[in-house]
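Working notes, beginning with the structure itself.
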Amino acid sequence: MELAEGIVKAASFLGAGICMGVGALGPGLGEGFVAGKAVEAIGRAPEQSGLLTRTMLIGMAVDESTGIYALVIALLLLFAV
């Protein structure tokens, strides 16, 4: 029975690591893309910088939520098993 528990624990650690690795990749790429496009837009229309910044921050918050979901799943894999 001890070997089976060790295998399950190792699999949950591996799954949590993969979950965070893949789960952090999407938000990182998405936020970089959003920030780059916002800087381009502010460069073209500086008078709209307030609106563009506000919209960018809302988009980044929505984008970051997928990373937070990945963190929750990884924590569940680590501590609920």
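Identifiers for the structure tokens are assigned positionally: chains receive A, B, ... in sequence, residues are indexed from 1 per chain, and ligands are indexed from 1 in the order shown.
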Exercise. Can you list, as an NGL selection string, every protein, DNA or RNA residue that comes within 10 Å of Ala16 of chain A when you count only C-alpha atoms, leaving out same-chain residues fewer than 3 positions away?
Worked result: :A and (10-13 or 19-21 or 70-78)
Restricted to C-alpha atoms, what would the selected residues look like written as a PDB file, in the first residue's frame?
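Saved result, out_1.pdb, follows:
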ATOM      1  CA  ALA A  10       4.427  11.730  -7.310  1.00  0.00           C
ATOM      2  CA  ALA A  11       1.737  11.901  -9.999  1.00  0.00           C
ATOM      3  CA  SER A  12      -0.025  14.742  -8.186  1.00  0.00           C
ATOM      4  CA  PHE A  13       3.270  16.682  -7.926  1.00  0.00           C
ATOM      5  CA  CYS A  19      -0.670  22.543 -14.699  1.00  0.00           C
ATOM      6  CA  MET A  20       1.213  25.633 -13.534  1.00  0.00           C
ATOM      7  CA  GLY A  21       3.661  25.497 -16.435  1.00  0.00           C
ATOM      8  CA  ALA A  70      -4.443  26.954 -12.940  1.00  0.00           C
ATOM      9  CA  LEU A  71      -3.011  27.820  -9.516  1.00  0.00           C
ATOM     10  CA  VAL A  72      -6.190  26.632  -7.791  1.00  0.00           C
ATOM     11  CA  ILE A  73      -6.102  23.329  -9.679  1.00  0.00           C
ATOM     12  CA  ALA A  74      -2.394  22.874  -8.866  1.00  0.00           C
ATOM     13  CA  LEU A  75      -3.049  23.530  -5.171  1.00  0.00           C
ATOM     14  CA  LEU A  76      -5.903  21.039  -5.229  1.00  0.00           C
ATOM     15  CA  LEU A  77      -3.593  18.448  -6.762  1.00  0.00           C
ATOM     16  CA  LEU A  78      -0.964  19.107  -4.106  1.00  0.00           C
TER      17      LEU A  78
END
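The smallest atom-to-atom distance between Glu64 of chain A and any of A:Ile18, A:Ile7, A:Val81, A:Val34, using only C-alpha atoms, is found for A:Val34.
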